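Reviewing the structure listed below.
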Amino acid sequence: MSGPGDVPPEILERLRPICRRLPDLYEEPAWIGVRWRIRARTVAHVYTPDPERSPVYAQHVIAGEAPTVMTFRVPVDDLLSLAARGFPFFRAPWGANVAAAVLGDHTDWTEIAELITDSYCEMAPKFLVARVALPLQGS
């Protein structure tokens with residue numbers, strides 16, 4: 001199935017306000033889950049993969065349930081250190097600067113807001129990046 005049904009509504013309720021703060025970022029259904037884009041560039045993509053079809057996700061199954069995963073861009077210099085931290089982060093199996101996070105009850109939403117903002121700054125035109133406000137503390 002494709003569309004927002006792939007993502008638990010409580011996850012979307014946390015991600016949408018974060019993404020709305022970023023200039024010209026828009027939400028759309030993806031081939032699986034939901035993604036946020038600036039122009040034609042994906043800043044963040046959230047989905048629930050099938051671990052049987054994509055074995056890279058099998059190690060992230062929680063209590064027998066497929067994980068809800070968000071992929072995003074990070075500066076190449078930061079990718080290895082983020083992935084080395086381990087759960088909930090890992091390197092996505094594609095792209096030179098694509099990281100992933102397993103989202104759920106354990107999620108630090110302040111950190112996710114910072115990571116989405118950093119991803120936006122990697123993908124957006126410089127004139128839009130100049131308009132980005134830092135994530136609000138405690139949101």
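Chain lettering (A, B, ...) mirrors the order of the structure tokens, residue numbering begins at 1 for each chain separately, and ligand numbering begins at 1 in order of display.
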
DSSP strand (DSSP E or B) residues within segment 68-123 of chain A, listed as an mmCIF file with N, CA and C atoms, in the first residue's frame:
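Output below, filename out.cif:
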data_model
loop_
_atom_site.group_PDB
_atom_site.id
_atom_site.type_symbol
_atom_site.label_atom_id
_atom_site.label_comp_id
_atom_site.auth_asym_id
_atom_site.auth_seq_id
_atom_site.Cartn_x
_atom_site.Cartn_y
_atom_site.Cartn_z
ATOM 1 N N THR A 68 9.097 1.952 11.834
ATOM 2 C CA THR A 68 8.795 3.170 11.078
ATOM 3 C C THR A 68 10.132 3.884 10.955
ATOM 4 N N VAL A 69 10.525 4.165 9.714
ATOM 5 C CA VAL A 69 11.851 4.688 9.425
ATOM 6 C C VAL A 69 11.733 6.048 8.746
ATOM 7 N N MET A 70 12.640 6.968 9.114
ATOM 8 C CA MET A 70 12.746 8.237 8.412
ATOM 9 C C MET A 70 14.150 8.319 7.823
ATOM 10 N N THR A 71 14.212 8.579 6.519
ATOM 11 C CA THR A 71 15.506 8.831 5.897
ATOM 12 C C THR A 71 15.641 10.333 5.674
ATOM 13 N N PHE A 72 16.879 10.794 5.704
ATOM 14 C CA PHE A 72 17.161 12.222 5.589
ATOM 15 C C PHE A 72 18.609 12.384 5.168
ATOM 16 N N ARG A 73 18.954 13.583 4.753
ATOM 17 C CA ARG A 73 20.318 13.883 4.313
ATOM 18 C C ARG A 73 21.127 14.467 5.461
ATOM 19 N N PHE A 89 19.799 5.109 14.908
ATOM 20 C CA PHE A 89 20.338 5.597 13.640
ATOM 21 C C PHE A 89 21.108 4.521 12.891
ATOM 22 N N PHE A 90 21.059 4.621 11.559
ATOM 23 C CA PHE A 90 21.883 3.772 10.707
ATOM 24 C C PHE A 90 22.033 4.440 9.353
ATOM 25 N N ARG A 91 22.990 3.953 8.588
ATOM 26 C CA ARG A 91 23.206 4.496 7.253
ATOM 27 C C ARG A 91 22.216 3.837 6.307
ATOM 28 N N VAL A 98 22.927 9.726 2.942
ATOM 29 C CA VAL A 98 21.574 9.433 3.429
ATOM 30 C C VAL A 98 21.661 8.606 4.712
ATOM 31 N N ALA A 99 21.075 9.150 5.768
ATOM 32 C CA ALA A 99 20.991 8.456 7.051
ATOM 33 C C ALA A 99 19.542 8.061 7.291
ATOM 34 N N ALA A 100 19.344 7.200 8.276
ATOM 35 C CA ALA A 100 17.996 6.760 8.628
ATOM 36 C C ALA A 100 17.878 6.699 10.142
ATOM 37 N N ALA A 101 16.653 6.900 10.602
ATOM 38 C CA ALA A 101 16.347 6.792 12.028
ATOM 39 C C ALA A 101 15.077 5.975 12.184
ATOM 40 N N VAL A 102 15.087 5.067 13.137
ATOM 41 C CA VAL A 102 13.883 4.326 13.508
ATOM 42 C C VAL A 102 13.111 5.224 14.472
ATOM 43 N N LEU A 103 11.837 5.488 14.152
ATOM 44 C CA LEU A 103 11.008 6.383 14.961
ATOM 45 C C LEU A 103 10.045 5.577 15.828
#

(message) When you look at Asp50 of chain A with a cut-off of 10 Å (counting only C-alpha atoms), what residues show up, excluding the ones that are within fewer than 6 positions of it in the same chain? I need them as number ranges by chain.
(response) A: 56-58, 61, 65-67

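Between atom CA of Gly33 of chain A and atom CA of Tyr47 of chain A the separation is 4.2 Å.
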
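Taking atom CA of Asp6 of chain A and atom CA of Val34 of chain A as the two end points, the separation is 8.2 Å.
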
Compile the contact shell of Glu28 of chain A as a PDB file with C-alpha atoms, in the first residue's frame: residues with an atom at most 12 Å away, counting only C-alpha atoms, same-chain residues fewer than 5 positions apart removed.
ATOM      1  CA  SER A   2       1.240   3.503  -0.728  1.00  0.00           C
ATOM      2  CA  GLY A   3       0.420   6.707   1.073  1.00  0.00           C
ATOM      3  CA  PRO A   4      -0.009   7.999   4.596  1.00  0.00           C
ATOM      4  CA  ARG A  16       4.336  17.807  10.267  1.00  0.00           C
ATOM      5  CA  CYS A  19       8.446  20.403   8.498  1.00  0.00           C
ATOM      6  CA  GLY A  33       4.888   6.491   3.123  1.00  0.00           C
ATOM      7  CA  VAL A  34       5.183  10.273   3.038  1.00  0.00           C
ATOM      8  CA  ARG A  35       7.986  12.590   2.043  1.00  0.00           C
ATOM      9  CA  TRP A  36       8.774  16.271   2.435  1.00  0.00           C
ATOM     10  CA  ARG A  37      10.463  18.029  -0.462  1.00  0.00           C
ATOM     11  CA  ILE A  38      12.003  21.311  -1.440  1.00  0.00           C
ATOM     12  CA  ARG A  39      11.455  21.679  -5.158  1.00  0.00           C
ATOM     13  CA  ALA A  40      12.209  18.173  -6.489  1.00  0.00           C
ATOM     14  CA  ARG A  41      14.628  17.230  -3.702  1.00  0.00           C
ATOM     15  CA  THR A  42      13.578  14.986  -0.834  1.00  0.00           C
ATOM     16  CA  VAL A  43      14.487  16.366   2.595  1.00  0.00           C
ATOM     17  CA  ALA A  44      12.829  13.652   4.724  1.00  0.00           C
ATOM     18  CA  HIS A  45      10.940  10.458   3.881  1.00  0.00           C
ATOM     19  CA  VAL A  46       9.035   8.445   6.487  1.00  0.00           C
TER      20      VAL A  46
END

(message) Ranking A:Val7, A:Val76, A:Ala63, A:Val132 by minimum distance to Glu114 of chain A and counting only C-alpha atoms, which one comes first?
(response) A:Val132

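Across A:Glu10, A:Trp109, A:Asp24, A:Ser54, the tightest approach to Pro93 of chain A is made by A:Ser54 when counting only C-alpha atoms.
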
(request) From the DSSP assignment of the backbone, select every residue of segment 3-137 of chain A that is alpha helix (DSSP H), and format the answer as a PyMOL selection string. (result) chain A and resi 9-20+76-84+109-123+126-129

Residue selection dump (C-alpha atoms) as a PDB file, in the first residue's frame:
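Final output, result23.pdb:
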ATOM      1  CA  PRO A   9      -0.641   8.895  12.545  1.00  0.00           C
ATOM      2  CA  GLU A  10       1.146   9.827  15.790  1.00  0.00           C
ATOM      3  CA  ILE A  11       4.468   9.913  13.900  1.00  0.00           C
ATOM      4  CA  LEU A  12       3.017  12.189  11.208  1.00  0.00           C
ATOM      5  CA  GLU A  13       1.553  14.430  13.937  1.00  0.00           C
ATOM      6  CA  ARG A  14       5.082  14.936  15.304  1.00  0.00           C
ATOM      7  CA  LEU A  15       6.791  15.424  11.916  1.00  0.00           C
ATOM      8  CA  ARG A  16       4.336  17.807  10.267  1.00  0.00           C
ATOM      9  CA  PRO A  17       4.862  20.796  12.606  1.00  0.00           C
ATOM     10  CA  ILE A  18       8.647  20.380  12.292  1.00  0.00           C
ATOM     11  CA  CYS A  19       8.446  20.403   8.498  1.00  0.00           C
ATOM     12  CA  ARG A  20       5.946  23.287   8.327  1.00  0.00           C
ATOM     13  CA  VAL A  76      28.954  13.451   4.541  1.00  0.00           C
ATOM     14  CA  ASP A  77      31.333  14.271   7.414  1.00  0.00           C
ATOM     15  CA  ASP A  78      28.528  13.627   9.928  1.00  0.00           C
ATOM     16  CA  LEU A  79      27.143  10.414   8.409  1.00  0.00           C
ATOM     17  CA  LEU A  80      29.639   7.973   9.885  1.00  0.00           C
ATOM     18  CA  SER A  81      29.493   9.447  13.383  1.00  0.00           C
ATOM     19  CA  LEU A  82      25.677   9.432  13.347  1.00  0.00           C
ATOM     20  CA  ALA A  83      25.521   5.828  12.115  1.00  0.00           C
ATOM     21  CA  ALA A  84      28.201   4.772  14.621  1.00  0.00           C
ATOM     22  CA  TRP A 109      11.846  14.797  18.743  1.00  0.00           C
ATOM     23  CA  THR A 110      14.103  17.789  19.414  1.00  0.00           C
ATOM     24  CA  GLU A 111      16.982  15.879  17.816  1.00  0.00           C
ATOM     25  CA  ILE A 112      14.752  14.823  14.893  1.00  0.00           C
ATOM     26  CA  ALA A 113      13.800  18.491  14.350  1.00  0.00           C
ATOM     27  CA  GLU A 114      17.496  19.390  14.221  1.00  0.00           C
ATOM     28  CA  LEU A 115      18.255  16.556  11.783  1.00  0.00           C
ATOM     29  CA  ILE A 116      15.367  17.527   9.475  1.00  0.00           C
ATOM     30  CA  THR A 117      16.529  21.155   9.583  1.00  0.00           C
ATOM     31  CA  ASP A 118      20.076  20.062   8.709  1.00  0.00           C
ATOM     32  CA  SER A 119      18.720  17.911   5.872  1.00  0.00           C
ATOM     33  CA  TYR A 120      16.747  20.873   4.570  1.00  0.00           C
ATOM     34  CA  CYS A 121      19.906  22.996   4.659  1.00  0.00           C
ATOM     35  CA  GLU A 122      21.695  20.306   2.618  1.00  0.00           C
ATOM     36  CA  MET A 123      18.986  20.232  -0.060  1.00  0.00           C
ATOM     37  CA  LYS A 126      20.999  28.979  -0.304  1.00  0.00           C
ATOM     38  CA  PHE A 127      18.501  31.882  -0.307  1.00  0.00           C
ATOM     39  CA  LEU A 128      15.947  29.657   1.461  1.00  0.00           C
ATOM     40  CA  VAL A 129      18.529  28.239   3.864  1.00  0.00           C
TER      41      VAL A 129
END
